[in-house]
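Visitor: Sharing run-v8.txt here; it has compact mmCIF, C-alpha atoms and all ligand atoms.
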```
# COMPACT_ATOMS: atom_id res chain seq x y z
CA MET A 147 -3.26 13.21 -17.36
CA PRO A 148 -4.98 10.68 -19.63
CA HIS A 149 -8.60 9.85 -19.04
CA ALA A 150 -9.27 6.16 -18.87
CA SER A 151 -9.26 5.46 -22.59
CA SER A 152 -7.14 2.86 -24.29
CA GLN A 153 -4.45 3.95 -26.75
CA ARG A 154 -4.95 0.80 -28.79
CA PRO A 155 -8.03 0.38 -31.02
CA SER A 156 -10.14 -2.19 -29.24
CA PRO A 157 -13.34 -3.74 -30.59
CA GLY A 158 -16.30 -3.21 -28.31
CA GLN A 159 -14.81 -0.29 -26.37
CA PRO A 160 -17.17 2.68 -26.76
CA SER A 161 -15.85 6.12 -27.55
CA TYR A 162 -17.62 8.99 -25.86
CA ARG A 163 -18.20 12.69 -26.03
CA SER A 164 -18.74 13.88 -22.50
CA SER A 165 -21.39 16.36 -21.53
CA ASP A 166 -20.64 16.00 -17.82
CA HIS A 167 -18.30 18.97 -17.50
CA GLU A 168 -18.90 19.28 -13.79
CA LEU A 169 -17.54 15.80 -13.19
CA TRP A 170 -14.64 15.90 -15.66
CA ASP A 171 -13.56 19.30 -14.32
CA ALA A 172 -12.95 17.64 -10.97
CA VAL A 173 -11.11 14.73 -12.61
CA ASP A 174 -8.92 17.11 -14.60
CA ALA A 175 -8.22 19.21 -11.52
CA GLU A 176 -7.08 16.09 -9.69
CA GLY A 177 -4.79 15.24 -12.62
CA ARG A 178 -3.25 18.71 -12.41
CA ARG A 179 -2.90 18.40 -8.63
CA GLN A 180 -1.03 15.13 -8.97
CA GLU A 181 1.31 16.60 -11.58
CA SER A 182 1.98 19.77 -9.58
CA GLN A 183 2.56 18.29 -6.11
CA LEU A 184 5.21 15.87 -4.87
CA GLU A 185 3.38 12.85 -3.49
CA LEU A 186 5.00 11.68 -0.26
CA ILE A 187 2.03 9.64 1.02
CA ALA A 188 3.70 6.25 1.44
CA SER A 189 0.67 4.28 0.24
CA GLU A 190 0.18 6.10 -3.06
CA ASN A 191 1.79 5.56 -6.44
CA PRO A 192 0.83 6.59 -10.00
CA ALA A 193 -0.26 3.53 -11.98
CA SER A 194 0.90 3.11 -15.56
CA ALA A 195 -1.26 4.40 -18.43
CA GLU A 196 -2.03 0.80 -19.40
CA VAL A 197 -3.26 -0.06 -15.88
CA ILE A 198 -5.47 3.03 -15.93
CA ALA A 199 -6.78 2.19 -19.40
CA ALA A 200 -7.88 -1.31 -18.30
CA MET A 201 -10.14 0.24 -15.65
CA GLY A 202 -12.01 2.17 -18.33
CA THR A 203 -13.04 -0.89 -20.37
CA VAL A 204 -16.32 -2.73 -20.95
CA LEU A 205 -15.21 -5.33 -18.41
CA THR A 206 -17.00 -3.14 -15.87
CA ASN A 207 -20.29 -4.29 -17.46
CA LYS A 208 -19.85 -7.95 -16.56
CA TYR A 209 -21.19 -9.84 -13.55
CA ALA A 210 -18.96 -12.80 -12.73
CA GLU A 211 -19.81 -14.01 -9.22
CA GLY A 212 -17.85 -17.16 -8.53
CA TYR A 213 -14.40 -18.09 -9.83
CA PRO A 214 -13.09 -18.98 -13.33
CA GLY A 215 -14.86 -22.08 -14.63
CA ARG A 216 -17.44 -21.95 -11.80
CA ARG A 217 -19.53 -18.79 -12.21
CA TYR A 218 -23.10 -17.95 -11.32
CA TYR A 219 -23.56 -16.07 -14.62
CA GLY A 220 -23.26 -16.96 -18.30
CA GLY A 221 -20.96 -15.22 -20.77
CA CYS A 222 -17.90 -15.39 -18.54
CA GLU A 223 -15.52 -17.05 -21.01
CA HIS A 224 -13.46 -13.92 -21.61
CA VAL A 225 -13.44 -12.57 -18.07
CA ASP A 226 -12.34 -16.05 -16.99
CA ARG A 227 -9.24 -15.54 -19.14
CA VAL A 228 -8.67 -12.15 -17.54
CA GLU A 229 -8.91 -13.55 -14.01
CA ASP A 230 -6.75 -16.57 -14.87
CA LEU A 231 -4.06 -14.25 -16.21
CA ALA A 232 -4.18 -12.15 -13.05
CA ARG A 233 -4.00 -15.22 -10.82
CA SER A 234 -1.16 -16.90 -12.68
CA ARG A 235 0.88 -13.67 -12.80
CA ALA A 236 0.34 -13.05 -9.06
CA LYS A 237 1.48 -16.61 -8.33
CA GLN A 238 4.57 -16.21 -10.50
CA LEU A 239 5.43 -12.82 -9.02
CA PHE A 240 5.24 -13.99 -5.41
CA ASP A 241 6.29 -17.60 -5.97
CA ALA A 242 3.01 -18.76 -4.46
CA ALA A 243 0.99 -21.87 -5.26
CA TYR A 244 -2.38 -20.07 -5.20
CA ALA A 245 -3.89 -16.61 -5.56
CA ASN A 246 -7.24 -14.90 -5.14
CA VAL A 247 -7.35 -11.60 -7.01
CA GLN A 248 -10.94 -10.60 -6.21
CA PRO A 249 -10.69 -8.54 -2.98
CA HIS A 250 -11.77 -4.99 -3.73
CA SER A 251 -9.10 -3.57 -1.40
CA GLY A 252 -6.32 -4.50 0.99
CA THR A 253 -8.74 -4.25 3.90
CA GLN A 254 -11.16 -6.63 2.14
CA ALA A 255 -8.25 -9.01 1.54
CA THR A 256 -7.29 -8.95 5.22
CA LEU A 257 -10.90 -9.40 6.35
CA GLY A 258 -11.29 -12.32 3.93
CA CYS A 259 -8.17 -13.94 5.42
CA LEU A 260 -9.41 -13.44 8.98
CA MET A 261 -12.75 -15.03 8.06
CA ALA A 262 -10.89 -17.92 6.43
CA LEU A 263 -8.68 -18.56 9.46
CA ALA A 264 -10.89 -17.98 12.51
CA GLU A 265 -14.49 -18.00 13.71
CA PRO A 266 -15.98 -14.67 14.85
CA GLY A 267 -15.09 -14.00 18.47
CA ALA A 268 -11.68 -15.68 18.21
CA ASP A 269 -8.58 -14.12 19.76
CA VAL A 270 -6.19 -12.49 17.27
CA LEU A 271 -2.78 -10.96 17.99
CA ALA A 272 -1.58 -8.09 15.75
CA MET A 273 0.64 -5.00 15.81
CA SER A 274 -1.06 -1.95 17.30
CA LEU A 275 -2.02 0.89 14.98
CA ASP A 276 0.13 3.47 16.77
CA HIS A 277 3.17 1.19 16.46
CA GLY A 278 2.68 0.78 12.70
CA GLY A 279 -0.24 -1.68 12.33
CA HIS A 280 -3.40 -1.12 10.29
CA LEU A 281 -7.03 -0.38 11.03
CA SER A 282 -8.07 -3.78 9.65
CA HIS A 283 -5.92 -5.34 12.38
CA GLY A 284 -8.48 -4.81 15.10
CA HIS A 285 -9.51 -1.16 15.20
CA PRO A 286 -12.64 -1.17 17.38
CA LYS A 287 -14.71 0.47 14.63
CA ASN A 288 -13.42 -1.75 11.81
CA ALA A 289 -15.15 -5.09 11.10
CA SER A 290 -11.95 -6.84 12.27
CA GLY A 291 -12.24 -5.31 15.73
CA ILE A 292 -16.01 -5.70 15.83
CA TYR A 293 -16.03 -9.42 15.01
CA TYR A 294 -12.74 -10.63 16.54
CA ARG A 295 -11.09 -10.15 19.94
CA PHE A 296 -7.85 -8.39 19.05
CA HIS A 297 -4.81 -8.01 21.28
CA HIS A 298 -1.85 -5.88 20.24
CA TYR A 299 1.90 -6.11 20.45
CA GLY A 300 4.20 -3.23 19.59
CA VAL A 301 7.75 -2.04 19.20
CA ARG A 302 10.39 -1.68 21.93
CA ARG A 303 10.87 1.77 23.43
CA THR A 304 14.64 1.45 23.11
CA ASP A 305 15.00 0.93 19.35
CA GLU A 306 11.42 1.12 18.04
CA ARG A 307 11.71 -2.33 16.40
CA ILE A 308 9.08 -5.08 16.78
CA ASP A 309 9.39 -6.61 20.24
CA MET A 310 9.46 -10.33 19.41
CA ASP A 311 9.74 -11.21 23.13
CA GLN A 312 6.43 -9.45 23.67
CA VAL A 313 4.92 -11.25 20.66
CA ARG A 314 6.02 -14.62 22.07
CA ASP A 315 4.87 -13.84 25.65
CA MET A 316 1.46 -12.59 24.51
CA ALA A 317 1.02 -15.52 22.13
CA LYS A 318 1.82 -18.01 24.89
CA SER A 319 -0.58 -16.50 27.37
CA LEU A 320 -3.43 -15.70 24.93
CA ARG A 321 -3.14 -18.74 22.59
CA PRO A 322 -4.67 -16.69 19.72
CA LYS A 323 -6.24 -18.37 16.69
CA VAL A 324 -4.37 -15.99 14.36
CA ILE A 325 -1.20 -13.91 14.60
CA VAL A 326 -0.96 -10.99 12.17
CA ALA A 327 2.37 -9.57 10.98
CA GLY A 328 2.74 -6.48 8.81
CA GLY A 329 1.30 -3.00 8.87
CA SER A 330 1.11 0.41 7.29
CA ALA A 331 3.77 2.46 9.06
CA TYR A 332 6.66 0.17 9.99
CA PRO A 333 9.92 1.33 8.40
CA ARG A 334 12.06 -1.74 9.09
CA VAL A 335 12.45 -5.23 7.62
CA ILE A 336 9.99 -7.71 9.14
CA ASP A 337 11.48 -11.14 9.77
CA PHE A 338 8.59 -13.53 9.18
CA ALA A 339 10.39 -16.72 10.29
CA PRO A 340 10.16 -16.03 14.06
CA PHE A 341 6.48 -15.08 13.65
CA ALA A 342 5.90 -18.49 12.02
CA GLU A 343 7.82 -20.24 14.81
CA ILE A 344 5.74 -18.54 17.49
CA ALA A 345 2.51 -19.29 15.61
CA SER A 346 3.43 -22.94 15.36
CA GLU A 347 4.46 -23.07 19.07
CA VAL A 348 1.02 -21.86 20.17
CA GLY A 349 -1.09 -23.52 17.45
CA ALA A 350 -2.01 -20.24 15.73
CA LYS A 351 -2.30 -19.46 12.02
CA LEU A 352 -0.02 -16.76 10.61
CA LEU A 353 -1.54 -14.02 8.46
CA VAL A 354 0.83 -11.52 6.85
CA ASP A 355 -0.45 -8.19 5.57
CA MET A 356 2.22 -7.21 3.02
CA ALA A 357 0.24 -4.35 1.46
CA HIS A 358 2.94 -1.74 1.95
CA ILE A 359 5.92 -3.87 1.06
CA ALA A 360 4.40 -5.94 -1.79
CA GLY A 361 6.54 -4.17 -4.39
CA LEU A 362 9.69 -4.76 -2.35
CA VAL A 363 8.78 -8.43 -1.91
CA ALA A 364 8.12 -8.77 -5.65
CA ALA A 365 11.52 -7.20 -6.34
CA LYS A 366 13.19 -9.45 -3.73
CA LEU A 367 14.25 -6.42 -1.72
CA HIS A 368 12.34 -7.65 1.34
CA PRO A 369 12.09 -11.26 2.56
CA SER A 370 8.95 -12.95 1.26
CA PRO A 371 6.22 -13.88 3.74
CA VAL A 372 4.84 -16.57 1.39
CA PRO A 373 6.94 -19.52 2.68
CA HIS A 374 6.10 -18.64 6.30
CA ALA A 375 2.46 -17.52 6.36
CA ASP A 376 -0.78 -19.47 6.06
CA LEU A 377 -2.24 -16.54 4.12
CA VAL A 378 -0.71 -13.35 2.71
CA ALA A 379 -3.04 -10.40 2.12
CA SER A 380 -2.10 -7.33 0.12
CA SER A 381 -3.30 -4.32 -1.77
CA THR A 382 -2.20 -3.74 -5.36
CA HIS A 383 -1.75 0.02 -5.48
CA LYS A 384 1.04 0.90 -3.04
CA THR A 385 4.64 -0.04 -3.82
CA LEU A 386 3.26 -2.57 -6.34
CA ARG A 387 1.97 0.38 -8.41
CA GLY A 388 -1.18 -1.30 -9.70
CA PRO A 389 -4.84 -0.29 -9.62
CA ARG A 390 -6.62 0.34 -6.31
CA GLY A 391 -7.49 -3.17 -5.09
CA GLY A 392 -6.45 -6.25 -3.13
CA PHE A 393 -5.37 -9.87 -3.48
CA VAL A 394 -4.33 -12.89 -1.43
CA VAL A 395 -1.57 -15.45 -2.09
CA CYS A 396 -0.82 -18.67 -0.24
CA LYS A 397 0.94 -22.01 -0.45
CA GLY A 398 -1.79 -24.37 0.77
CA VAL A 399 -4.89 -25.53 -1.10
CA GLU A 400 -6.99 -25.76 2.08
CA GLU A 401 -6.21 -22.11 2.90
CA LEU A 402 -7.04 -21.15 -0.69
CA LYS A 403 -10.42 -22.91 -0.49
CA ALA A 404 -11.20 -21.18 2.80
CA VAL A 405 -10.20 -17.73 1.56
CA ASN A 406 -12.06 -18.17 -1.75
CA THR A 407 -15.27 -18.81 0.20
CA ALA A 408 -14.54 -15.97 2.62
CA VAL A 409 -14.02 -13.44 -0.21
CA PHE A 410 -17.02 -14.64 -2.25
CA PRO A 411 -19.70 -15.09 -1.03
CA GLY A 412 -18.36 -14.26 2.45
CA GLY A 413 -17.55 -10.59 2.10
CA GLN A 414 -18.17 -9.62 -1.52
CA GLY A 415 -20.53 -10.20 -4.43
CA GLY A 416 -19.46 -9.70 -8.05
CA PRO A 417 -15.74 -9.14 -8.69
CA LEU A 418 -14.62 -5.92 -10.39
CA MET A 419 -13.41 -7.50 -13.63
CA HIS A 420 -12.07 -4.23 -15.07
CA VAL A 421 -9.93 -3.81 -11.95
CA ILE A 422 -8.83 -7.46 -12.08
CA ALA A 423 -7.66 -6.81 -15.67
CA ALA A 424 -5.67 -3.83 -14.38
CA LYS A 425 -4.20 -6.03 -11.63
CA ALA A 426 -3.10 -8.55 -14.29
CA ILE A 427 -1.32 -5.74 -16.16
CA ALA A 428 0.34 -4.48 -12.99
CA PHE A 429 1.56 -7.98 -12.05
CA ARG A 430 3.06 -8.31 -15.54
CA GLU A 431 4.78 -4.95 -15.16
CA ALA A 432 6.18 -6.01 -11.80
CA LEU A 433 7.57 -9.20 -13.36
CA HIS A 434 9.66 -7.08 -15.75
CA PRO A 435 13.30 -6.56 -14.65
CA SER A 436 12.82 -2.79 -14.81
CA PHE A 437 10.44 -3.05 -11.82
CA ALA A 438 13.18 -4.45 -9.56
CA ASP A 439 15.38 -1.59 -10.71
CA TYR A 440 12.60 0.88 -9.86
CA MET A 441 12.11 -0.63 -6.38
CA GLY A 442 15.86 -0.42 -5.76
CA ARG A 443 15.66 3.30 -6.51
CA VAL A 444 12.65 3.66 -4.17
CA VAL A 445 14.65 2.19 -1.28
CA ALA A 446 17.79 4.22 -2.11
CA ASN A 447 15.69 7.39 -2.21
CA SER A 448 14.03 6.51 1.09
CA ARG A 449 17.41 6.06 2.80
CA ALA A 450 18.73 9.28 1.29
CA LEU A 451 15.68 11.26 2.36
CA ALA A 452 15.83 9.90 5.94
CA GLU A 453 19.55 10.68 6.15
CA GLY A 454 18.99 14.19 4.80
CA LEU A 455 16.26 14.86 7.37
CA MET A 456 18.34 13.47 10.24
CA ALA A 457 21.24 15.67 9.15
CA ARG A 458 18.89 18.62 9.64
CA GLY A 459 18.07 17.55 13.20
CA LEU A 460 14.77 15.75 12.61
CA ARG A 461 14.30 12.55 14.58
CA ILE A 462 13.38 9.58 12.40
CA VAL A 463 11.57 6.78 14.25
CA SER A 464 13.91 3.78 14.75
CA GLY A 465 16.81 5.88 13.48
CA GLY A 466 16.15 5.32 9.77
CA THR A 467 14.42 3.09 7.26
CA ASP A 468 14.93 -0.19 5.42
CA ASN A 469 12.02 0.21 3.04
CA HIS A 470 10.01 2.82 1.14
CA LEU A 471 8.75 4.79 4.15
CA MET A 472 9.84 6.63 7.26
CA LEU A 473 8.18 8.22 10.26
CA VAL A 474 9.39 11.71 11.09
CA ASP A 475 8.97 12.80 14.71
CA VAL A 476 8.05 16.46 14.16
CA LYS A 477 7.85 17.15 17.90
CA SER A 478 11.59 17.61 17.54
CA LYS A 479 10.70 20.84 15.69
CA GLY A 480 7.93 21.83 18.11
CA LEU A 481 5.05 20.85 15.80
CA THR A 482 2.25 18.29 15.85
CA GLY A 483 1.88 15.94 12.90
CA ALA A 484 -1.31 17.77 11.88
CA GLU A 485 0.52 21.12 11.79
CA ALA A 486 3.40 19.62 9.83
CA GLU A 487 1.02 18.03 7.28
CA VAL A 488 -0.70 21.38 6.69
CA ALA A 489 2.60 23.28 6.42
CA LEU A 490 4.02 20.80 3.90
CA HIS A 491 0.80 20.75 1.90
CA GLY A 492 1.13 24.54 1.66
CA VAL A 493 4.30 24.06 -0.41
CA ASP A 494 2.83 21.24 -2.53
CA LEU A 495 4.47 18.41 -0.60
CA THR A 496 1.64 15.96 0.18
CA CYS A 497 1.98 13.64 3.16
CA ASN A 498 -0.07 12.40 6.12
CA LYS A 499 0.10 12.97 9.84
CA ASN A 500 0.81 9.69 11.59
CA LEU A 501 0.96 8.37 15.12
CA ILE A 502 4.45 7.41 16.19
CA PRO A 503 5.23 4.69 18.76
CA PHE A 504 4.26 5.77 22.32
CA ASP A 505 2.65 8.90 20.89
CA THR A 506 1.17 11.21 23.51
CA GLU A 507 -1.00 13.05 20.97
CA PRO A 508 -4.43 11.85 19.76
CA PRO A 509 -4.80 10.41 16.21
CA MET A 510 -6.12 13.66 14.71
CA ARG A 511 -3.02 15.58 15.95
CA THR A 512 -0.20 13.01 16.26
CA SER A 513 3.52 13.68 16.77
CA GLY A 514 4.65 12.51 13.38
CA VAL A 515 4.31 12.51 9.63
CA ARG A 516 4.80 9.47 7.43
CA LEU A 517 6.82 10.00 4.25
CA GLY A 518 7.27 7.53 1.39
CA THR A 519 9.30 7.56 -1.79
CA ALA A 520 7.39 5.15 -4.09
CA ALA A 521 5.40 7.83 -5.94
CA ILE A 522 8.20 10.40 -6.33
CA THR A 523 10.53 7.68 -7.61
CA SER A 524 7.90 6.70 -10.20
CA ARG A 525 8.12 10.24 -11.60
CA GLY A 526 11.88 9.95 -11.82
CA LEU A 527 13.22 11.69 -8.71
CA ASP A 528 16.66 10.42 -7.70
CA VAL A 529 19.03 10.50 -4.74
CA GLY A 530 20.24 13.98 -5.69
CA ASP A 531 16.65 15.24 -5.57
CA MET A 532 16.28 13.67 -2.08
CA ALA A 533 18.99 15.98 -0.71
CA LEU A 534 17.02 18.97 -2.03
CA LEU A 535 13.73 17.58 -0.74
CA ALA A 536 15.11 16.94 2.76
CA GLY A 537 16.33 20.52 2.87
CA TRP A 538 12.95 21.92 1.75
CA ILE A 539 11.04 19.81 4.31
CA ALA A 540 13.36 20.87 7.12
CA ASP A 541 13.17 24.54 6.04
CA VAL A 542 9.36 24.45 6.14
CA LEU A 543 9.13 22.59 9.45
CA GLU A 544 11.59 25.03 11.03
CA ALA A 545 9.72 28.11 9.76
CA PRO A 546 6.14 27.03 8.94
CA LYS A 547 4.86 30.62 9.18
CA SER A 548 7.60 32.30 7.13
CA GLU A 549 6.04 33.50 3.86
CA ALA A 550 9.51 33.95 2.38
CA VAL A 551 10.49 30.33 3.11
CA LEU A 552 7.14 28.96 1.91
CA LYS A 553 7.32 30.95 -1.32
CA ARG A 554 10.87 29.84 -2.07
CA VAL A 555 10.13 26.16 -1.40
CA ARG A 556 6.82 26.24 -3.32
CA GLY A 557 8.68 27.64 -6.32
CA ALA A 558 11.42 25.01 -6.10
CA VAL A 559 8.83 22.20 -5.84
CA ALA A 560 6.95 23.56 -8.88
CA GLU A 561 10.16 23.67 -10.90
CA LEU A 562 11.01 20.05 -10.01
CA CYS A 563 7.46 18.87 -10.82
CA GLN A 564 7.68 20.50 -14.23
CA LYS A 565 11.07 18.96 -14.87
CA LYS A 566 9.86 15.47 -13.88
CA PRO A 567 6.22 15.05 -14.91
CA ILE A 568 4.37 11.88 -13.94
CA TYR A 569 2.94 10.72 -17.23
CA ALA A 570 5.68 11.95 -19.50
CA SER A 571 8.23 10.13 -17.35
CA ALA A 572 9.90 7.06 -18.83
CA ALA A 573 9.90 5.58 -15.32
CA VAL A 574 6.16 4.91 -15.21
CA PRO A 575 4.66 3.35 -18.33
CA ILE A 576 6.84 0.26 -18.25
CA GLY A 577 3.79 -1.79 -19.15
CA GLN A 578 4.07 -0.51 -22.69
CA ALA A 579 7.76 -1.24 -23.01
CA HIS A 580 7.47 -4.97 -23.47
N1 LIG B 601 -4.58 3.67 4.38
C1 LIG B 601 -3.43 2.94 3.88
C2 LIG B 601 -2.17 3.63 4.18
O1 LIG B 601 -2.13 4.84 4.00
O2 LIG B 601 -1.19 3.01 4.56
C3 LIG B 601 -3.40 1.55 4.33
O3 LIG B 601 -4.55 0.90 3.88
```
Any chance you could give the structure as structure tokens?
Guide:
Amino acid sequence: MPHASSQRPSPGQPSYRSSDHELWDAVDAEGRRQESQLELIASENPASAEVIAAMGTVLTNKYAEGYPGRRYYGGCEHVDRVEDLARSRAKQLFDAAYANVQPHSGTQATLGCLMALAEPGADVLAMSLDHGGHLSHGHPKNASGIYYRFHHYGVRRTDERIDMDQVRDMAKSLRPKVIVAGGSAYPRVIDFAPFAEIASEVGAKLLVDMAHIAGLVAAKLHPSPVPHADLVASSTHKTLRGPRGGFVVCKGVEELKAVNTAVFPGGQGGPLMHVIAAKAIAFREALHPSFADYMGRVVANSRALAEGLMARGLRIVSGGTDNHLMLVDVKSKGLTGAEAEVALHGVDLTCNKNLIPFDTEPPMRTSGVRLGTAAITSRGLDVGDMALLAGWIADVLEAPKSEAVLKRVRGAVAELCQKKPIYASAAVPIGQAH
């Protein structure tokens, strides 16, 4: 795995000879781990070499509080160009009038949007965490839940899809300042139009957190929230396959002004210009036609994996998936999510335990695991590989203590990882192809 050094000669970029073996040993070990395990965590994705290179540049040295053309520091003429490129590419990618690319993470983006749309103490309506929401949507220990009064809607018991009747009823009785749509573990298409209708009926603002589906939205494989929402918050590193970070897009100048103030100076100081450069590169990569092709393969792989697991008797929440992720109810195999996560990790399949709707287990045990196909598709796995993967997962979950099964699956995973490496794969470094 490359360390963060640019392949192209670049004036002003220092070369180095490291003496910090202790540190680089850990970095190298993580590189080997990523190459030798299949990454099924739905929120992870290997960024291109060019995205990674941007984060190792001298841009990290620059303070640039403020926004392009209006900074609190001198010497910002070049980082202004970087941020302008990132903003204009984000706007083009999501067909949005305005963008703020400074949030350090998706959570910071969401918090910035909340601050822009409502005073502390206001009522906010969002999807509950155990039904697929996110901790920045009102978890009592997150700033969102500390500073706002959150109320939560969920999915129906019958089909595990968002209960829009409940959203409407709660909105009418609570008259929230903000309604939040989106989350981190919802496997189905979210229809933003009825959310906007309800928000307008009750005089609320609509905030969409599209962090998980940003890549699908960019590729037009999921309806865009931009025409419907007052503000759209996102991270850059999930399906969008950029650097770890966040951004906001919107259609209204008043909302932009409010969110700009909320992000800086509201919640952050100096922007991470090296990361903003990497975001600009990732947005450019996502504008390339090959990105839509990649996202199509992510969704096809997700469907194939869910079907393969269901064929082996595993219950998939809501009966399948429309996007890059699925929730597997491992209680159907007599396991908790925590046990399933450990068993799968033992054969180099990395995933996370996850609450499922109406879960009876606590968050550290759970009844489910969340699986995603963005990262494995980036390293070139295809629908044929999904059939194998579904079989391996089912084998392990049916016999998590069988050394023979674990050894066989571990060997098969290792062989596939060697055949389809991350950074030798033509599927990833699309940034260098154009
Ligand atoms: N923690 C992320 C996820 O795994 O979905 C969301 O921020």
Visitor: Using CA of Asp439 in chain A and CA of Leu471 in chain A as the two end points, give the distance in Å to one decimal.
Guide: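 Interatomic distance, CA of Asp439 in chain A to CA of Leu471 in chain A: 17.5 Å.
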Visitor: Could the residues of chain A that have an atom at most 12 Å from ligand LIG 601 (chain B) be listed as CSV, each with its closest atom pair and the distance in Å to one decimal, counting all atoms listed in the file and ordered by chain and ascending residue number?
Guide:
```
residue,atom,partner,partner_atom,distance
A:Leu186,CA,B:LIG601,O1,10.8
A:Ile187,CA,B:LIG601,O1,7.0
A:Ala188,CA,B:LIG601,O1,6.5
A:Ser189,CA,B:LIG601,O1,4.7
A:Glu190,CA,B:LIG601,O1,7.5
A:Asn191,CA,B:LIG601,O1,11.2
A:Ser251,CA,B:LIG601,O3,8.3
A:Gly252,CA,B:LIG601,O3,6.4
A:Thr253,CA,B:LIG601,O3,6.6
A:Gln254,CA,B:LIG601,O3,10.2
A:Ala255,CA,B:LIG601,O3,10.8
A:Thr256,CA,B:LIG601,O3,10.3
A:Leu275,CA,B:LIG601,O2,10.7
A:Gly278,CA,B:LIG601,O2,9.3
A:Gly279,CA,B:LIG601,O2,9.1
A:His280,CA,B:LIG601,C3,6.5
A:Leu281,CA,B:LIG601,O3,7.7
A:Ser282,CA,B:LIG601,O3,8.2
A:His283,CA,B:LIG601,O3,10.6
A:Gly328,CA,B:LIG601,C3,11.1
A:Gly329,CA,B:LIG601,O2,7.8
A:Ser330,CA,B:LIG601,O2,4.4
A:Ala331,CA,B:LIG601,O2,6.7
A:Tyr332,CA,B:LIG601,O2,10.0
A:Pro333,CA,B:LIG601,O2,11.9
A:Asp355,CA,B:LIG601,O3,10.1
A:Met356,CA,B:LIG601,C3,10.5
A:Ala357,CA,B:LIG601,C3,7.5
A:His358,CA,B:LIG601,O2,6.8
A:Ile359,CA,B:LIG601,O2,10.5
A:Ala379,CA,B:LIG601,O3,11.5
A:Ser380,CA,B:LIG601,O3,9.4
A:Ser381,CA,B:LIG601,O3,7.8
A:Thr382,CA,B:LIG601,O3,10.6
A:His383,CA,B:LIG601,O3,9.8
A:Lys384,CA,B:LIG601,O2,8.2
A:Thr385,CA,B:LIG601,O2,10.7
A:Arg390,CA,B:LIG601,O3,10.4
A:Gly391,CA,B:LIG601,O3,10.3
A:Gly392,CA,B:LIG601,O3,10.2
A:His470,CA,B:LIG601,O2,11.7
A:Leu471,CA,B:LIG601,O2,10.1
A:Met472,CA,B:LIG601,O2,11.9
A:Cys497,CA,B:LIG601,O1,9.7
A:Asn498,CA,B:LIG601,O1,8.1
A:Lys499,CA,B:LIG601,O1,10.3
A:Asn500,CA,B:LIG601,O1,9.5
A:Val515,CA,B:LIG601,O1,11.5
A:Arg516,CA,B:LIG601,O1,9.0
A:Leu517,CA,B:LIG601,O1,10.3
A:Gly518,CA,B:LIG601,O2,10.1
```
Visitor: Check the smallest atom-to-atom distance from each of A:Met419, A:Ile539, A:Val301, A:Ala339 to Gly212 in chain A using all atoms listed in the file, then report the winner.
Guide: A:Met419
Visitor: Please write out, as AutoDock Vina command-line options, where the centre of an axis-aligned box around all listed atoms of range 262-269 of chain A lies and how long its edges are, in Å to one decimal, after adding 6 Å on each side.
Guide:
```
--center_x -12.3 --center_y -16.3 --center_z 13.1 --size_x 19.4 --size_y 16.6 --size_z 25.3
```
Visitor: Using all atoms listed in the file, can you tell me which of A:Arg307, A:Lys425, A:His420, A:Lys477 comes closest to Ser234 in chain A?
Guide: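 Nearest candidate to Ser234 in chain A out of A:Arg307, A:Lys425, A:His420, A:Lys477: A:Lys425.
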Visitor: Return as a tab-separated table the residues of range 322-373 of chain A lying at most 12 Å from range 401-408 of chain A, together with the closest atom-to-atom pair for each and the distance in Å to one decimal, counting only C-alpha atoms, with rows in chain order and ascending residue number.
Guide:
```
residue	atom	partner	partner_atom	distance
A:Lys351	CA	A:Glu401	CA	10.3
A:Leu352	CA	A:Glu401	CA	11.2
A:Leu353	CA	A:Glu401	CA	10.9
```
Visitor: Hey, which of A:Asp309, A:Asp528, A:Asp505, A:Asp376 ends up closest to Ile336 in chain A? Count all atoms listed in the file.
Guide: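 Looking at the shortest contact to Ile336 in chain A, the residue is A:Asp309.
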Visitor: Would you kindly return, as a list in words, each protein, DNA or RNA residue with an atom no farther than 12 Å from any atom of Val348 in chain A, considering all atoms listed in the file and excluding same-chain residues fewer than 6 positions away?
Guide: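 These residues fall inside the cut-off: Leu271, Val313, Arg314, Asp315, Met316, Ala317, Lys318, Ser319, Leu320, Arg321, Pro322, Lys323, Val324, Ile325, Phe341 and Ala342 of chain A.
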Visitor: Store the residues picked out above in a file with C-alpha atoms, as an mmCIF file, keeping the file's coordinate frame.
Guide:
```cif
data_model
loop_
_atom_site.group_PDB
_atom_site.id
_atom_site.type_symbol
_atom_site.label_atom_id
_atom_site.label_comp_id
_atom_site.auth_asym_id
_atom_site.auth_seq_id
_atom_site.Cartn_x
_atom_site.Cartn_y
_atom_site.Cartn_z
ATOM 1 C CA LEU A 271 -2.780 -10.960 17.990
ATOM 2 C CA VAL A 313 4.920 -11.250 20.660
ATOM 3 C CA ARG A 314 6.020 -14.620 22.070
ATOM 4 C CA ASP A 315 4.870 -13.840 25.650
ATOM 5 C CA MET A 316 1.460 -12.590 24.510
ATOM 6 C CA ALA A 317 1.020 -15.520 22.130
ATOM 7 C CA LYS A 318 1.820 -18.010 24.890
ATOM 8 C CA SER A 319 -0.580 -16.500 27.370
ATOM 9 C CA LEU A 320 -3.430 -15.700 24.930
ATOM 10 C CA ARG A 321 -3.140 -18.740 22.590
ATOM 11 C CA PRO A 322 -4.670 -16.690 19.720
ATOM 12 C CA LYS A 323 -6.240 -18.370 16.690
ATOM 13 C CA VAL A 324 -4.370 -15.990 14.360
ATOM 14 C CA ILE A 325 -1.200 -13.910 14.600
ATOM 15 C CA PHE A 341 6.480 -15.080 13.650
ATOM 16 C CA ALA A 342 5.900 -18.490 12.020
#
```
